[in-house]
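Participant: Got upload-v3.cif for you, mmCIF, N, CA and C atoms:
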data_query
#
loop_
_atom_site.label_atom_id
_atom_site.label_comp_id
_atom_site.auth_asym_id
_atom_site.auth_seq_id
_atom_site.Cartn_x
_atom_site.Cartn_y
_atom_site.Cartn_z
N MET A 1 28.53 105.20 -42.01
CA MET A 1 28.69 105.94 -40.76
C MET A 1 28.44 107.41 -41.03
N SER A 2 27.48 108.00 -40.31
CA SER A 2 27.13 109.40 -40.46
C SER A 2 27.95 110.24 -39.48
N LEU A 3 28.73 111.16 -40.00
CA LEU A 3 29.60 111.97 -39.17
C LEU A 3 28.98 113.34 -38.92
N LYS A 4 29.15 113.83 -37.70
CA LYS A 4 28.67 115.16 -37.32
C LYS A 4 29.83 115.95 -36.74
N ILE A 5 29.85 117.23 -37.05
CA ILE A 5 30.75 118.16 -36.36
C ILE A 5 29.85 118.85 -35.35
N ARG A 6 30.11 118.61 -34.07
CA ARG A 6 29.20 119.11 -33.03
C ARG A 6 29.97 119.52 -31.79
N LEU A 7 29.22 120.04 -30.82
CA LEU A 7 29.80 120.48 -29.55
C LEU A 7 29.68 119.36 -28.53
N ALA A 8 30.74 119.10 -27.80
CA ALA A 8 30.72 118.16 -26.68
C ALA A 8 30.96 118.97 -25.42
N ARG A 9 30.07 118.84 -24.45
CA ARG A 9 30.16 119.67 -23.25
C ARG A 9 31.25 119.17 -22.32
N ALA A 10 31.99 120.11 -21.79
CA ALA A 10 33.00 119.83 -20.77
C ALA A 10 32.79 120.89 -19.68
N GLY A 11 33.68 121.01 -18.76
CA GLY A 11 33.54 121.99 -17.70
C GLY A 11 32.72 121.43 -16.56
N THR A 12 32.46 122.27 -15.58
CA THR A 12 31.76 121.82 -14.38
C THR A 12 30.32 122.30 -14.39
N LYS A 13 29.62 121.98 -13.32
CA LYS A 13 28.22 122.40 -13.19
C LYS A 13 28.15 123.93 -13.19
N LYS A 14 27.25 124.46 -13.96
CA LYS A 14 27.03 125.91 -14.12
C LYS A 14 28.20 126.65 -14.76
N ARG A 15 29.20 125.95 -15.25
CA ARG A 15 30.35 126.56 -15.91
C ARG A 15 30.63 125.82 -17.21
N PRO A 16 29.80 125.97 -18.23
CA PRO A 16 29.96 125.18 -19.45
C PRO A 16 31.20 125.57 -20.24
N TYR A 17 31.73 124.59 -20.91
CA TYR A 17 32.86 124.74 -21.82
C TYR A 17 32.67 123.64 -22.86
N TYR A 18 32.81 123.96 -24.12
CA TYR A 18 32.51 122.99 -25.17
C TYR A 18 33.73 122.73 -26.04
N HIS A 19 33.88 121.47 -26.46
CA HIS A 19 34.87 121.09 -27.45
C HIS A 19 34.14 120.89 -28.77
N VAL A 20 34.70 121.40 -29.85
CA VAL A 20 34.16 121.16 -31.18
C VAL A 20 34.82 119.87 -31.66
N VAL A 21 33.99 118.85 -31.90
CA VAL A 21 34.52 117.53 -32.24
C VAL A 21 33.83 116.96 -33.47
N VAL A 22 34.49 115.98 -34.10
CA VAL A 22 33.87 115.17 -35.13
C VAL A 22 33.54 113.85 -34.47
N ALA A 23 32.27 113.43 -34.58
CA ALA A 23 31.86 112.19 -33.94
C ALA A 23 30.84 111.49 -34.82
N ASP A 24 30.69 110.20 -34.58
CA ASP A 24 29.63 109.44 -35.20
C ASP A 24 28.31 109.97 -34.64
N SER A 25 27.30 110.10 -35.47
CA SER A 25 26.04 110.69 -35.01
C SER A 25 25.35 109.83 -33.97
N ARG A 26 25.69 108.54 -33.89
CA ARG A 26 25.07 107.64 -32.92
C ARG A 26 25.76 107.67 -31.57
N ALA A 27 26.94 108.29 -31.49
CA ALA A 27 27.71 108.34 -30.24
C ALA A 27 27.06 109.35 -29.29
N PRO A 28 27.22 109.16 -27.97
CA PRO A 28 26.66 110.12 -27.02
C PRO A 28 27.28 111.51 -27.18
N ARG A 29 26.57 112.53 -26.71
CA ARG A 29 27.01 113.91 -26.88
C ARG A 29 28.40 114.13 -26.32
N ASP A 30 28.64 113.67 -25.10
CA ASP A 30 29.93 113.88 -24.46
C ASP A 30 30.82 112.64 -24.53
N GLY A 31 30.42 111.67 -25.33
CA GLY A 31 31.12 110.39 -25.37
C GLY A 31 32.21 110.34 -26.41
N ARG A 32 32.28 109.20 -27.08
CA ARG A 32 33.36 108.93 -28.01
C ARG A 32 33.33 109.88 -29.20
N PHE A 33 34.49 110.36 -29.57
CA PHE A 33 34.61 111.23 -30.74
C PHE A 33 35.82 110.80 -31.54
N ILE A 34 35.90 111.27 -32.77
CA ILE A 34 36.98 110.87 -33.66
C ILE A 34 38.16 111.84 -33.55
N GLU A 35 37.85 113.15 -33.61
CA GLU A 35 38.90 114.15 -33.55
C GLU A 35 38.37 115.44 -32.97
N ARG A 36 39.20 116.12 -32.20
CA ARG A 36 38.84 117.41 -31.63
C ARG A 36 39.30 118.50 -32.60
N LEU A 37 38.37 119.43 -32.91
CA LEU A 37 38.66 120.45 -33.92
C LEU A 37 38.77 121.87 -33.35
N GLY A 38 38.43 122.04 -32.09
CA GLY A 38 38.51 123.37 -31.49
C GLY A 38 37.78 123.39 -30.18
N HIS A 39 37.54 124.60 -29.66
CA HIS A 39 36.80 124.75 -28.41
C HIS A 39 35.99 126.03 -28.42
N PHE A 40 35.00 126.08 -27.52
CA PHE A 40 34.09 127.22 -27.42
C PHE A 40 33.80 127.45 -25.94
N ASN A 41 34.01 128.70 -25.49
CA ASN A 41 33.75 129.06 -24.11
C ASN A 41 32.66 130.13 -24.08
N PRO A 42 31.40 129.77 -23.77
CA PRO A 42 30.31 130.74 -23.82
C PRO A 42 30.33 131.75 -22.69
N LEU A 43 31.14 131.54 -21.66
CA LEU A 43 31.18 132.46 -20.53
C LEU A 43 32.04 133.69 -20.79
N VAL A 44 32.87 133.64 -21.81
CA VAL A 44 33.72 134.77 -22.16
C VAL A 44 32.91 135.72 -23.02
N GLY A 45 33.25 137.00 -22.99
CA GLY A 45 32.55 138.00 -23.79
C GLY A 45 32.60 137.70 -25.27
N LYS A 46 31.59 138.17 -26.00
CA LYS A 46 31.48 137.84 -27.43
C LYS A 46 32.62 138.41 -28.26
N ASP A 47 33.24 139.49 -27.80
CA ASP A 47 34.32 140.08 -28.57
C ASP A 47 35.70 139.55 -28.19
N ALA A 48 35.78 138.65 -27.19
CA ALA A 48 37.07 138.09 -26.78
C ALA A 48 37.57 137.10 -27.83
N LYS A 49 38.87 137.11 -28.08
CA LYS A 49 39.41 136.23 -29.12
C LYS A 49 39.52 134.78 -28.67
N ASP A 50 39.56 134.52 -27.35
CA ASP A 50 39.67 133.15 -26.88
C ASP A 50 38.30 132.52 -26.60
N ARG A 51 37.22 133.16 -27.03
CA ARG A 51 35.87 132.58 -26.87
C ARG A 51 35.70 131.36 -27.78
N LEU A 52 36.20 131.45 -29.00
CA LEU A 52 36.05 130.38 -29.98
C LEU A 52 37.37 130.18 -30.71
N LYS A 53 37.82 128.94 -30.74
CA LYS A 53 39.02 128.61 -31.50
C LYS A 53 38.70 127.39 -32.36
N LEU A 54 38.89 127.52 -33.65
CA LEU A 54 38.61 126.43 -34.60
C LEU A 54 39.84 126.16 -35.44
N ASP A 55 40.10 124.89 -35.71
CA ASP A 55 41.15 124.50 -36.65
C ASP A 55 40.46 124.37 -38.02
N LEU A 56 40.48 125.46 -38.78
CA LEU A 56 39.71 125.52 -40.02
C LEU A 56 40.19 124.53 -41.07
N GLU A 57 41.48 124.22 -41.08
CA GLU A 57 41.99 123.25 -42.06
C GLU A 57 41.41 121.86 -41.80
N LYS A 58 41.38 121.46 -40.54
CA LYS A 58 40.82 120.15 -40.20
C LYS A 58 39.31 120.13 -40.48
N ILE A 59 38.63 121.24 -40.18
CA ILE A 59 37.18 121.30 -40.42
C ILE A 59 36.89 121.17 -41.91
N LYS A 60 37.66 121.87 -42.75
CA LYS A 60 37.45 121.77 -44.20
C LYS A 60 37.70 120.35 -44.69
N ALA A 61 38.69 119.69 -44.13
CA ALA A 61 38.98 118.31 -44.52
C ALA A 61 37.83 117.39 -44.15
N TRP A 62 37.26 117.56 -42.94
CA TRP A 62 36.14 116.70 -42.52
C TRP A 62 34.88 117.01 -43.32
N LEU A 63 34.69 118.27 -43.68
CA LEU A 63 33.53 118.62 -44.51
C LEU A 63 33.66 117.97 -45.89
N ALA A 64 34.89 117.90 -46.41
CA ALA A 64 35.11 117.26 -47.70
C ALA A 64 34.85 115.75 -47.61
N LYS A 65 35.04 115.17 -46.43
CA LYS A 65 34.78 113.75 -46.23
C LYS A 65 33.30 113.45 -46.01
N GLY A 66 32.48 114.49 -45.85
CA GLY A 66 31.05 114.27 -45.73
C GLY A 66 30.47 114.53 -44.35
N ALA A 67 31.24 115.09 -43.43
CA ALA A 67 30.70 115.41 -42.11
C ALA A 67 29.76 116.60 -42.22
N THR A 68 28.66 116.55 -41.46
CA THR A 68 27.70 117.66 -41.48
C THR A 68 27.72 118.37 -40.13
N PRO A 69 27.81 119.70 -40.12
CA PRO A 69 27.84 120.43 -38.85
C PRO A 69 26.43 120.57 -38.27
N THR A 70 26.35 120.66 -36.96
CA THR A 70 25.08 120.93 -36.29
C THR A 70 24.76 122.42 -36.45
N ASP A 71 23.58 122.83 -36.00
CA ASP A 71 23.14 124.22 -36.17
C ASP A 71 24.11 125.21 -35.54
N ARG A 72 24.50 124.95 -34.29
CA ARG A 72 25.39 125.88 -33.59
C ARG A 72 26.76 125.94 -34.25
N VAL A 73 27.30 124.82 -34.63
CA VAL A 73 28.62 124.79 -35.28
C VAL A 73 28.52 125.46 -36.65
N LEU A 74 27.39 125.30 -37.33
CA LEU A 74 27.21 125.96 -38.62
C LEU A 74 27.22 127.48 -38.46
N ARG A 75 26.69 127.98 -37.35
CA ARG A 75 26.77 129.42 -37.07
C ARG A 75 28.23 129.86 -36.95
N PHE A 76 29.03 129.06 -36.24
CA PHE A 76 30.44 129.39 -36.08
C PHE A 76 31.16 129.37 -37.43
N LEU A 77 30.85 128.37 -38.25
CA LEU A 77 31.50 128.25 -39.55
C LEU A 77 31.07 129.37 -40.49
N ASP A 78 29.84 129.84 -40.34
CA ASP A 78 29.36 130.96 -41.15
C ASP A 78 30.11 132.23 -40.77
N GLU A 79 30.32 132.44 -39.47
CA GLU A 79 31.08 133.61 -39.03
C GLU A 79 32.53 133.55 -39.51
N ALA A 80 33.09 132.33 -39.56
CA ALA A 80 34.48 132.16 -40.01
C ALA A 80 34.60 132.21 -41.53
N GLY A 81 33.48 132.09 -42.25
CA GLY A 81 33.51 132.15 -43.71
C GLY A 81 33.77 130.82 -44.38
N VAL A 82 33.64 129.72 -43.65
CA VAL A 82 33.88 128.40 -44.23
C VAL A 82 32.65 127.89 -44.95
N MET A 83 31.48 128.03 -44.35
CA MET A 83 30.22 127.57 -44.94
C MET A 83 29.21 128.71 -44.88
N LYS A 84 28.21 128.62 -45.73
CA LYS A 84 27.12 129.59 -45.71
C LYS A 84 25.92 128.96 -45.02
N ARG A 85 25.36 129.67 -44.05
CA ARG A 85 24.19 129.19 -43.32
C ARG A 85 22.94 129.70 -44.01
N PRO A 86 22.03 128.82 -44.41
CA PRO A 86 20.82 129.29 -45.09
C PRO A 86 19.92 130.07 -44.13
N ALA A 87 19.27 131.07 -44.67
CA ALA A 87 18.36 131.88 -43.87
C ALA A 87 17.13 131.07 -43.53
N ARG A 88 16.68 131.19 -42.30
CA ARG A 88 15.50 130.46 -41.88
C ARG A 88 14.30 131.41 -41.89
N ASN A 89 13.15 130.86 -42.30
CA ASN A 89 11.95 131.68 -42.35
C ASN A 89 10.75 130.79 -42.04
N ASN A 90 10.06 131.07 -40.98
CA ASN A 90 8.87 130.33 -40.62
C ASN A 90 7.75 131.34 -40.39
N PRO A 91 7.02 131.71 -41.45
CA PRO A 91 5.99 132.74 -41.29
C PRO A 91 4.81 132.29 -40.44
N ASN A 92 4.59 130.98 -40.29
CA ASN A 92 3.45 130.52 -39.50
C ASN A 92 3.71 130.59 -38.01
N LYS A 93 4.94 130.77 -37.58
CA LYS A 93 5.25 130.78 -36.16
C LYS A 93 4.62 131.99 -35.46
N ALA A 94 4.56 133.12 -36.13
CA ALA A 94 4.06 134.33 -35.50
C ALA A 94 2.53 134.42 -35.51
N GLN A 95 1.88 133.56 -36.26
CA GLN A 95 0.42 133.63 -36.32
C GLN A 95 -0.19 133.03 -35.07
N PRO A 96 -1.35 133.57 -34.62
CA PRO A 96 -1.99 133.01 -33.43
C PRO A 96 -2.49 131.60 -33.70
N LYS A 97 -2.57 130.82 -32.62
CA LYS A 97 -3.01 129.44 -32.73
C LYS A 97 -4.53 129.38 -32.86
N LYS A 98 -5.09 128.18 -32.89
CA LYS A 98 -6.49 127.95 -33.20
C LYS A 98 -7.42 128.63 -32.20
N LYS A 99 -7.17 128.46 -30.89
CA LYS A 99 -8.05 129.04 -29.88
C LYS A 99 -8.01 130.56 -29.91
N ALA A 100 -6.84 131.13 -30.11
CA ALA A 100 -6.72 132.58 -30.18
C ALA A 100 -7.46 133.13 -31.40
N GLN A 101 -7.42 132.40 -32.51
CA GLN A 101 -8.16 132.83 -33.70
C GLN A 101 -9.65 132.77 -33.44
N GLU A 102 -10.12 131.73 -32.71
CA GLU A 102 -11.55 131.62 -32.38
C GLU A 102 -11.99 132.77 -31.49
N ARG A 103 -11.15 133.12 -30.49
CA ARG A 103 -11.49 134.24 -29.60
C ARG A 103 -11.54 135.55 -30.37
N ALA A 104 -10.61 135.75 -31.29
CA ALA A 104 -10.59 136.98 -32.08
C ALA A 104 -11.83 137.06 -32.98
N ALA A 105 -12.22 135.92 -33.54
CA ALA A 105 -13.42 135.90 -34.39
C ALA A 105 -14.66 136.17 -33.56
N ALA A 106 -14.73 135.62 -32.35
CA ALA A 106 -15.89 135.86 -31.48
C ALA A 106 -15.95 137.31 -31.04
N ALA A 107 -14.82 137.92 -30.77
CA ALA A 107 -14.79 139.33 -30.36
C ALA A 107 -15.18 140.23 -31.52
N ALA A 108 -14.80 139.87 -32.73
CA ALA A 108 -15.16 140.68 -33.90
C ALA A 108 -16.64 140.54 -34.22
N ALA A 109 -17.24 139.37 -33.93
CA ALA A 109 -18.64 139.15 -34.24
C ALA A 109 -19.57 139.76 -33.20
N ALA A 110 -19.09 140.00 -32.00
CA ALA A 110 -19.93 140.55 -30.92
C ALA A 110 -20.24 142.02 -31.22
N PRO A 111 -21.44 142.51 -30.78
CA PRO A 111 -21.76 143.93 -30.97
C PRO A 111 -20.77 144.82 -30.21
N VAL A 112 -20.67 146.05 -30.66
CA VAL A 112 -19.68 146.97 -30.11
C VAL A 112 -19.96 147.26 -28.64
N GLY A 113 -21.21 147.45 -28.24
CA GLY A 113 -21.55 147.78 -26.85
C GLY A 113 -21.31 146.62 -25.91
N ALA A 114 -21.45 145.40 -26.36
CA ALA A 114 -21.30 144.23 -25.50
C ALA A 114 -19.90 143.64 -25.57
N ALA A 115 -18.98 144.32 -26.23
CA ALA A 115 -17.64 143.76 -26.40
C ALA A 115 -16.89 143.67 -25.08
N ALA A 116 -17.06 144.64 -24.21
CA ALA A 116 -16.34 144.65 -22.93
C ALA A 116 -17.36 144.56 -21.79
N PRO A 117 -17.50 143.41 -21.16
CA PRO A 117 -18.44 143.31 -20.05
C PRO A 117 -17.96 144.16 -18.87
N THR A 118 -18.91 144.74 -18.15
CA THR A 118 -18.54 145.59 -17.03
C THR A 118 -18.14 144.70 -15.85
N PRO A 119 -17.08 145.06 -15.17
CA PRO A 119 -16.63 144.25 -14.04
C PRO A 119 -17.59 144.41 -12.85
N ALA A 120 -17.61 143.40 -12.00
CA ALA A 120 -18.47 143.45 -10.81
C ALA A 120 -17.97 144.55 -9.88
N PRO A 121 -18.89 145.24 -9.18
CA PRO A 121 -18.44 146.32 -8.29
C PRO A 121 -17.59 145.75 -7.15
N ALA A 122 -16.57 146.49 -6.77
CA ALA A 122 -15.67 146.06 -5.71
C ALA A 122 -16.36 146.19 -4.36
N PRO A 123 -16.09 145.31 -3.41
CA PRO A 123 -16.69 145.45 -2.09
C PRO A 123 -16.22 146.73 -1.41
N ALA A 124 -17.05 147.29 -0.59
CA ALA A 124 -16.73 148.56 0.06
C ALA A 124 -15.54 148.37 1.00
N ALA A 125 -14.59 149.28 0.91
CA ALA A 125 -13.38 149.18 1.72
C ALA A 125 -13.66 149.54 3.17
N SER A 126 -14.71 150.34 3.43
CA SER A 126 -14.99 150.77 4.80
C SER A 126 -15.51 149.62 5.67
N ALA A 127 -16.10 148.59 5.07
CA ALA A 127 -16.63 147.47 5.84
C ALA A 127 -15.51 146.69 6.50
N ALA A 128 -14.33 146.67 5.93
CA ALA A 128 -13.22 145.92 6.48
C ALA A 128 -12.56 146.67 7.63
N VAL A 129 -12.78 147.99 7.76
CA VAL A 129 -12.11 148.80 8.76
C VAL A 129 -13.00 149.05 9.97
N THR A 130 -14.17 148.45 10.05
CA THR A 130 -15.10 148.75 11.14
C THR A 130 -14.59 148.29 12.50
N GLU A 131 -13.81 147.25 12.55
CA GLU A 131 -13.36 146.74 13.84
C GLU A 131 -11.92 147.17 14.08
N ALA A 132 -11.67 147.80 15.21
CA ALA A 132 -10.32 148.24 15.55
C ALA A 132 -9.58 147.12 16.27
N PRO A 133 -8.25 147.14 16.21
CA PRO A 133 -7.48 146.14 16.94
C PRO A 133 -7.77 146.20 18.45
N ALA A 134 -7.53 145.12 19.16
CA ALA A 134 -7.89 145.02 20.57
C ALA A 134 -7.14 146.04 21.42
N GLY A 135 -5.90 146.33 21.12
CA GLY A 135 -5.12 147.30 21.91
C GLY A 135 -5.67 148.68 21.78
N GLU A 136 -6.11 149.09 20.61
CA GLU A 136 -6.65 150.43 20.42
C GLU A 136 -8.05 150.54 21.00
N ALA A 137 -8.85 149.47 20.98
CA ALA A 137 -10.21 149.52 21.51
C ALA A 137 -10.17 149.68 23.03
N ALA A 138 -9.22 149.12 23.72
CA ALA A 138 -9.12 149.24 25.17
C ALA A 138 -8.64 150.61 25.57
N ALA A 139 -7.85 151.27 24.73
CA ALA A 139 -7.34 152.60 25.04
C ALA A 139 -8.41 153.67 24.90
N SER A 140 -9.46 153.44 24.15
CA SER A 140 -10.50 154.45 23.91
C SER A 140 -11.40 154.66 25.06
#
If you took the structure in this file and wrote it as structure tokens, what would it be?
Facilitator:
Amino acid sequence: MSLKIRLARAGTKKRPYYHVVVADSRAPRDGRFIERLGHFNPLVGKDAKDRLKLDLEKIKAWLAKGATPTDRVLRFLDEAGVMKRPARNNPNKAQPKKKAQERAAAAAAAPVGAAAPTPAPAPAASAAVTEAPAGEAAAS
């Protein structure tokens, strides 16, 4: 049985409130759990003390039994000093994708004078104003 320490959503629509629980990884998110370990209220300010409450002794005991925390719970445990969260680094995420690289290569290969095509001339604004509204034409 694979155990997870994760968040189970409670609260009403548009008013989330989460319980930190230990559950079997196959159980539904808000379904059956083994033990409740704390709660998290994301609507409260980040500096409020009642935003997050964890029972650290129970969490340490479940970690010793082999439970693995989810990403969000691992952030909470890192802030509390229970576990260390490894730094994430994905250098390929910031690089442009295939089509953008092709466009950049095509722009670099094009001659300097032809790099920016000239836009088509805008239609004359005076042509649209030639006809006056019916009320003004009768007054003239």
Participant: Using only C-alpha atoms, pick whichever of A:Phe40, A:Lys58, A:Ser25, A:Ala10 has the shortest atom-to-atom distance to Val73 of chain A.
Facilitator: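 When distances to Val73 of chain A are compared using only C-alpha atoms, the smallest one comes from A:Phe40.
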Participant: Where does the PyMOL selection byres ((chain A and resi 69) around 7) land in this file, that is, which residues does it pick, as number ranges by chain?
Facilitator: A: 3-6, 67-68, 70-74
Participant: Keeping N, CA and C atoms, export the residues of the selection given above as an mmCIF file, in the coordinates of the input.
Facilitator:
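As a result, result-v4.cif now contains:
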data_model
loop_
_atom_site.group_PDB
_atom_site.id
_atom_site.type_symbol
_atom_site.label_atom_id
_atom_site.label_comp_id
_atom_site.auth_asym_id
_atom_site.auth_seq_id
_atom_site.Cartn_x
_atom_site.Cartn_y
_atom_site.Cartn_z
ATOM 1 N N LEU A 3 28.730 111.160 -40.000
ATOM 2 C CA LEU A 3 29.600 111.970 -39.170
ATOM 3 C C LEU A 3 28.980 113.340 -38.920
ATOM 4 N N LYS A 4 29.150 113.830 -37.700
ATOM 5 C CA LYS A 4 28.670 115.160 -37.320
ATOM 6 C C LYS A 4 29.830 115.950 -36.740
ATOM 7 N N ILE A 5 29.850 117.230 -37.050
ATOM 8 C CA ILE A 5 30.750 118.160 -36.360
ATOM 9 C C ILE A 5 29.850 118.850 -35.350
ATOM 10 N N ARG A 6 30.110 118.610 -34.070
ATOM 11 C CA ARG A 6 29.200 119.110 -33.030
ATOM 12 C C ARG A 6 29.970 119.520 -31.790
ATOM 13 N N ALA A 67 31.240 115.090 -43.430
ATOM 14 C CA ALA A 67 30.700 115.410 -42.110
ATOM 15 C C ALA A 67 29.760 116.600 -42.220
ATOM 16 N N THR A 68 28.660 116.550 -41.460
ATOM 17 C CA THR A 68 27.700 117.660 -41.480
ATOM 18 C C THR A 68 27.720 118.370 -40.130
ATOM 19 N N THR A 70 26.350 120.660 -36.960
ATOM 20 C CA THR A 70 25.080 120.930 -36.290
ATOM 21 C C THR A 70 24.760 122.420 -36.450
ATOM 22 N N ASP A 71 23.580 122.830 -36.000
ATOM 23 C CA ASP A 71 23.140 124.220 -36.170
ATOM 24 C C ASP A 71 24.110 125.210 -35.540
ATOM 25 N N ARG A 72 24.500 124.950 -34.290
ATOM 26 C CA ARG A 72 25.390 125.880 -33.590
ATOM 27 C C ARG A 72 26.760 125.940 -34.250
ATOM 28 N N VAL A 73 27.300 124.820 -34.630
ATOM 29 C CA VAL A 73 28.620 124.790 -35.280
ATOM 30 C C VAL A 73 28.520 125.460 -36.650
ATOM 31 N N LEU A 74 27.390 125.300 -37.330
ATOM 32 C CA LEU A 74 27.210 125.960 -38.620
ATOM 33 C C LEU A 74 27.220 127.480 -38.460
#
Participant: Find the residue from A:Val21, A:Ala105, A:Ile59, A:Ala80 that sits nearest to Arg9 of chain A; use only C-alpha atoms when measuring.
Facilitator: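 Closest to Arg9 of chain A of all the choices is A:Val21.
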Participant: How many Å separate atom N of Gly31 of chain A from atom N of Arg88 of chain A?
Facilitator: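 Rounded to one decimal, the two atoms are 29.3 Å apart.
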Participant: Between A:Trp62, A:Leu56, A:Lys98, A:Glu35, which one has atoms that come closest to Val82 of chain A, using all atoms listed in the file?
Facilitator: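 Among the listed residues, the smallest separation from Val82 of chain A belongs to A:Leu56.
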Participant: Once the PyMOL selection byres ((chain A and resi 41) around 8) is applied to the coordinates I shared, what remains selected? I want it as a ChimeraX atom specification.
Facilitator: /A:16-19,39-40,42-45,50-53
Participant: Which is closest to Pro28 of chain A among A:Leu77, A:Ala61, A:Ala8, A:Ala94, if we use all atoms listed in the file?
Facilitator: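 That would be A:Ala8, the residue with the smallest distance to Pro28 of chain A.
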Participant: Enumerate, as a list in words, the residues matched when the PyMOL selection byres ((chain A and resi 33) around 6) is run on the file above.
Facilitator: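 Here the PyMOL selection byres ((chain A and resi 33) around 6) matches Val22, Ala23, Asp24, Gly31, Arg32, Ile34 and Glu35 of chain A.
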Participant: Which value, in Å to one decimal, gives the distance between atom N of Pro86 of chain A and atom C of Gly66 of chain A?
Facilitator: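 Atom-to-atom, atom N of Pro86 of chain A and atom C of Gly66 of chain A are spaced 16.6 Å apart.
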Participant: So the first atom is atom C of Gly38 of chain A and the second is atom CA of Asp55 of chain A; what is the distance between them in Å, to one decimal place?
Facilitator: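 Answer for the atom C of Gly38 of chain A to atom CA of Asp55 of chain A separation: 7.4 Å.
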